[in-house]
Each structure stands twice: as C-alpha cells, then as structure tokens.
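Down below is the structure, laid out as structure tokens.
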Amino acid sequence: MPRIFVLLIVLCYTESSIGQMAKLFTIADFDLHGKVKTCLVITDYGKEEFSFNEEGVLTKLVTRYNDTDYDITYYKFSNGEISEKRVENYRDGRFDKNTSIANIYTKDSTNSGIIVTEKIFSYAKEFLDQYEYTYNKQGDLTSILRNYDDGLENTLLTYESINGEKTTTYTLDGEVQKTIRVSEPKIKNANKQRVELTKEFVGGKPYKAVEHIYNHQNKLISENKFEYDERTKSFKSKELKIFSYNKLGMLTALKTKTGKLERIKNYIYQYDNGEKGNWIKQIITPDNSYITRKITYYDTKLSKE
C-alpha cells in the first residue's frame, strides 16, 4: 500500500484519545531503498519533500500546498530515538506560531523499566498536552498517563497470550477503550499470514473494528473495516480492501468492496534505474492520475572516504 500520503504523520501521533509514541520513519516506510538523500513527491494536492540522513532515517518533511501555504516538520534524535519533533506551519507566506507545535521527549530509567515523557507546546509557548509512557523491563508499554487541561487520564495496557494469539487491551477508568489481537502462525513458510484485529469501544460498548492481514513479506494484503450493529449485536463489514503486489513488492492492484459496489485500481510504475531502482512515476488507472517522484542520493564514494 503506498505510504507517501503522510499528512497524518505530520499532524499527530495519537489514535483517538489514546496516546501513541512517536515512531522513527525510514526510507522503507516510503517504498524507497538505497542511499536516498531526498525524495520530492508531486501530487494533485501539492508537493511533499522528504529528507533522510545517511542511515535512512527521516529528518525533515516539507508539505507544500501552494507557494505560500506549507508545513515543515523537523525530527531530532538522541541515541537512536526521537528527542524532538517540531511542526512549523506557514500560511500566506508567514510563520504561524499559534498552530505550530513542538513535541519534546525525555527518557528516565526506573527500577521497573523506563518512562518516556512527551511534552507538547505551541510556538506561542502555550502548554498543550503531556504524555508519560511507562515500559516494563521487557520493553512492553504498560500505561499512558495523559496530563492536560481537563485533568489526568491513565490508560492501562494488559497483555494476554492464548493459543498463539496475543491480545493487548487498553483500559481507561475501568472501561475498555481498545483491543488489538495478533494471530501469527509459528510455522514459517511462504503462505504464512499475520492477522491483526483492532476493536474500538465507546462507553465500554463495541463501536468499530478493522482487520489487517499481512503476508510473509509483511505486506498488507487486506484491510476489512467493520461497524457494530446494535440490532444483531455483531460486527458487520463496511469496506474491504484487497491489495496485490508484483515480484518487487510494489502495489499493482487495489480492489475495494463496499456493499455490492466493487472498484478496482491498477498501479503502473516507471523506475529510475530499470526495475532495480526506485519508482519515479506511479500511474493509477482507470483514474488516469499519477504521482511523480524526484529522488537524490548520497554520494556513496564520498561516504566511504
């Protein structure tokens, strides 16, 4: 599935009301490989330019809607982890400090594990939010403590493994907010699939769910969205997406089923070095739309000197 449309990455790192730690993004997250330095993506809504360090980690992202409206996101790191994420917004060519945001991360060790604190400020120096992520010695996230204007929220995470299925449950004030169940066969073979089922709850009652299935190459092959039917007390499929890939692992077809309606999109690629390089043009049919990418690389000879 193409992952170059990353406005959600720029805007937030949260899932509904449950905080989610910032993630390191690498060239692999954007269907890139090799010593990529920058990647300029040109779409119908604007342009996005990704900058990577020599380790292939995303350090800067510019999302440009037009000549005067754009966002710049900067990532800073410490010991291989994100220490700062800053989103600077420009409108009508002017820097908007009221909507620009800085996320600052600190890490502390405890006897039982580690605590990562995320503080969120506007560039107008207004405190917006704070999260404390507590991990046990095994590296499992066990709680997310949110400190904001309305008070404190402490989301607890518990883990359960039964017959090869691992379930993570998010609980807030005694009410289940979300569960994530992962099923993965122990036998490794070409037909191995990993199934991830996420259910969300409102007021302790089922609300919606989504099932993701990945193949042995960790490629998403299906996404099934469900909504809860109060009448039948069960989940019903709302939208099913099926993804197909070529031998290079590139998306070639997307079939979407919504009720009785079925739509199919096909994806064709042009590469910068035959089929061994990165794709520089993605053509989508039958829409006849396309996305182009301009890629620059680090000079590997200079890197070795």
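If you're wondering about the labels, chains in the structure tokens are A, B, ... by order shown, residues count from 1 in each chain, ligands from 1 in order shown.
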
Would you mind listing what lies within 10 Å of Cys39 in chain A as an mmCIF file with N, CA, C and O atoms, in the first residue's frame, with only C-alpha atoms counted and same-chain residues fewer than 2 positions away left out?
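Writing done, so here's part.cif:
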data_model
loop_
_atom_site.group_PDB
_atom_site.id
_atom_site.type_symbol
_atom_site.label_atom_id
_atom_site.label_comp_id
_atom_site.auth_asym_id
_atom_site.auth_seq_id
_atom_site.Cartn_x
_atom_site.Cartn_y
_atom_site.Cartn_z
ATOM 1 N N ILE A 27 13.432 5.120 5.085
ATOM 2 C CA ILE A 27 13.142 5.080 3.656
ATOM 3 C C ILE A 27 12.218 3.915 3.311
ATOM 4 O O ILE A 27 11.419 4.004 2.383
ATOM 5 N N PHE A 30 8.490 4.481 2.887
ATOM 6 C CA PHE A 30 8.026 5.263 1.741
ATOM 7 C C PHE A 30 8.379 4.599 0.416
ATOM 8 O O PHE A 30 8.571 5.274 -0.594
ATOM 9 N N LEU A 32 11.068 3.203 -0.620
ATOM 10 C CA LEU A 32 12.372 3.638 -1.115
ATOM 11 C C LEU A 32 13.442 2.661 -0.656
ATOM 12 O O LEU A 32 13.292 2.000 0.374
ATOM 13 N N VAL A 36 19.183 7.019 -0.251
ATOM 14 C CA VAL A 36 18.341 8.146 -0.640
ATOM 15 C C VAL A 36 18.610 9.337 0.280
ATOM 16 O O VAL A 36 18.602 9.206 1.505
ATOM 17 N N LYS A 37 18.816 10.493 -0.329
ATOM 18 C CA LYS A 37 19.031 11.728 0.426
ATOM 19 C C LYS A 37 17.742 12.529 0.525
ATOM 20 O O LYS A 37 17.344 12.947 1.618
ATOM 21 N N VAL A 41 7.912 14.398 -3.776
ATOM 22 C CA VAL A 41 6.704 13.749 -4.285
ATOM 23 C C VAL A 41 5.751 14.826 -4.783
ATOM 24 O O VAL A 41 5.416 15.753 -4.040
ATOM 25 N N ILE A 42 5.321 14.701 -6.036
ATOM 26 C CA ILE A 42 4.428 15.680 -6.643
ATOM 27 C C ILE A 42 3.070 15.025 -6.844
ATOM 28 O O ILE A 42 2.952 14.024 -7.555
ATOM 29 N N GLU A 48 5.361 17.116 -1.530
ATOM 30 C CA GLU A 48 5.960 16.725 -0.261
ATOM 31 C C GLU A 48 7.419 16.367 -0.514
ATOM 32 O O GLU A 48 7.720 15.623 -1.444
ATOM 33 N N GLU A 49 8.290 16.911 0.314
ATOM 34 C CA GLU A 49 9.718 16.605 0.162
ATOM 35 C C GLU A 49 10.241 15.973 1.444
ATOM 36 O O GLU A 49 10.138 16.548 2.531
ATOM 37 N N PHE A 50 10.807 14.770 1.312
ATOM 38 C CA PHE A 50 11.347 14.023 2.430
ATOM 39 C C PHE A 50 12.868 14.110 2.404
ATOM 40 O O PHE A 50 13.484 13.915 1.360
ATOM 41 N N SER A 51 13.452 14.374 3.564
ATOM 42 C CA SER A 51 14.910 14.389 3.685
ATOM 43 C C SER A 51 15.326 13.318 4.683
ATOM 44 O O SER A 51 14.733 13.196 5.761
ATOM 45 N N PHE A 52 16.354 12.535 4.317
ATOM 46 C CA PHE A 52 16.817 11.425 5.150
ATOM 47 C C PHE A 52 18.299 11.608 5.471
ATOM 48 O O PHE A 52 19.059 12.179 4.682
ATOM 49 N N LEU A 61 10.506 16.944 6.760
ATOM 50 C CA LEU A 61 9.428 16.759 5.804
ATOM 51 C C LEU A 61 8.772 18.103 5.536
ATOM 52 O O LEU A 61 8.384 18.812 6.458
ATOM 53 N N ILE A 280 9.800 6.347 -9.977
ATOM 54 C CA ILE A 280 9.759 7.804 -10.093
ATOM 55 C C ILE A 280 8.431 8.287 -10.673
ATOM 56 O O ILE A 280 8.166 9.483 -10.692
ATOM 57 N N ARG A 293 7.967 11.265 -8.573
ATOM 58 C CA ARG A 293 8.951 11.454 -7.506
ATOM 59 C C ARG A 293 10.304 11.818 -8.112
ATOM 60 O O ARG A 293 10.733 11.217 -9.106
ATOM 61 N N LYS A 294 10.956 12.815 -7.531
ATOM 62 C CA LYS A 294 12.315 13.176 -7.904
ATOM 63 C C LYS A 294 13.222 12.819 -6.734
ATOM 64 O O LYS A 294 13.050 13.341 -5.629
ATOM 65 N N ILE A 295 14.177 11.930 -6.985
ATOM 66 C CA ILE A 295 14.980 11.359 -5.907
ATOM 67 C C ILE A 295 16.447 11.733 -6.076
ATOM 68 O O ILE A 295 16.999 11.653 -7.186
ATOM 69 N N THR A 296 17.072 12.169 -4.997
ATOM 70 C CA THR A 296 18.520 12.381 -4.995
ATOM 71 C C THR A 296 19.151 11.396 -4.019
ATOM 72 O O THR A 296 18.512 10.956 -3.064
ATOM 73 N N TYR A 297 20.422 11.063 -4.280
ATOM 74 C CA TYR A 297 21.106 10.046 -3.489
ATOM 75 C C TYR A 297 22.382 10.617 -2.875
ATOM 76 O O TYR A 297 22.989 11.556 -3.409
#

Strand (DSSP E or B) residues, from DSSP on the backbone, in range 199-262 of chain A, as a ChimeraX atom specification: /A:199-202,205-214,220-229,234-245,251-258,261-262

Using 8 Å as the limit and counting only C-alpha atoms, can you tabulate each residue of range 166-208 of chain A that touches range 153-162 of chain A, with its shortest atom-to-atom distance in Å and the two atoms involved, as JSON lines?
{"residue": "A:Lys166", "atom": "CA", "partner": "A:Ser161", "partner_atom": "CA", "distance": 4.4}
{"residue": "A:Thr167", "atom": "CA", "partner": "A:Glu160", "partner_atom": "CA", "distance": 5.2}
{"residue": "A:Thr168", "atom": "CA", "partner": "A:Tyr159", "partner_atom": "CA", "distance": 4.7}
{"residue": "A:Thr169", "atom": "CA", "partner": "A:Thr158", "partner_atom": "CA", "distance": 5.3}
{"residue": "A:Tyr170", "atom": "CA", "partner": "A:Leu157", "partner_atom": "CA", "distance": 4.8}
{"residue": "A:Thr171", "atom": "CA", "partner": "A:Leu156", "partner_atom": "CA", "distance": 5.1}
{"residue": "A:Leu172", "atom": "CA", "partner": "A:Thr155", "partner_atom": "CA", "distance": 4.6}
{"residue": "A:Asp173", "atom": "CA", "partner": "A:Asn154", "partner_atom": "CA", "distance": 7.4}

Restricted to N, CA and C atoms, what would the selected residues look like written as a compact mmCIF listing (two decimals), in the first residue's frame?
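The new file out.txt reads:
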# COMPACT_ATOMS: atom_id res chain seq x y z
N LYS A 166 -1.98 -13.14 20.57
CA LYS A 166 -1.62 -12.16 21.59
C LYS A 166 -2.60 -11.00 21.54
N THR A 167 -3.19 -10.69 22.70
CA THR A 167 -4.18 -9.61 22.77
C THR A 167 -3.69 -8.53 23.72
N THR A 168 -3.71 -7.29 23.23
CA THR A 168 -3.39 -6.12 24.04
C THR A 168 -4.68 -5.36 24.29
N THR A 169 -4.95 -5.07 25.58
CA THR A 169 -6.18 -4.37 25.95
C THR A 169 -5.83 -3.02 26.57
N TYR A 170 -6.47 -1.97 26.04
CA TYR A 170 -6.31 -0.61 26.55
C TYR A 170 -7.53 -0.28 27.41
N THR A 171 -7.28 0.08 28.69
CA THR A 171 -8.38 0.35 29.61
C THR A 171 -8.20 1.73 30.25
N LEU A 172 -9.26 2.52 30.25
CA LEU A 172 -9.24 3.85 30.85
C LEU A 172 -10.38 3.96 31.85
N ASP A 173 -10.06 4.26 33.12
CA ASP A 173 -11.07 4.39 34.18
C ASP A 173 -11.99 3.17 34.24

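Our summary of the geometry notes that CA of Asp150 in chain A is positioned 27.5 Å from CA of Thr198 in chain A.
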
Close residues, Glu54 in chain A itself excluded, 12 Å, only C-alpha atoms, min 2 positions apart in chain, as a PyMOL selection string: chain A and resi 26-27+33-38+51-52+56-59+297-300+302-304

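Among the candidate residues A:Glu118, A:Asp44, A:Glu275, A:Asp96, the one lying nearest to Asp71 in chain A is A:Asp96, with distances computed using only C-alpha atoms.
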
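Every protein or nucleic acid residue with an atom no more than 10 Å from Lys137 in chain A, counting only C-alpha atoms and leaving out same-chain residues fewer than 6 positions away, appears here: Ser109, Thr110, Asn111, Ser112, Gly113 and Ile114 of chain A.
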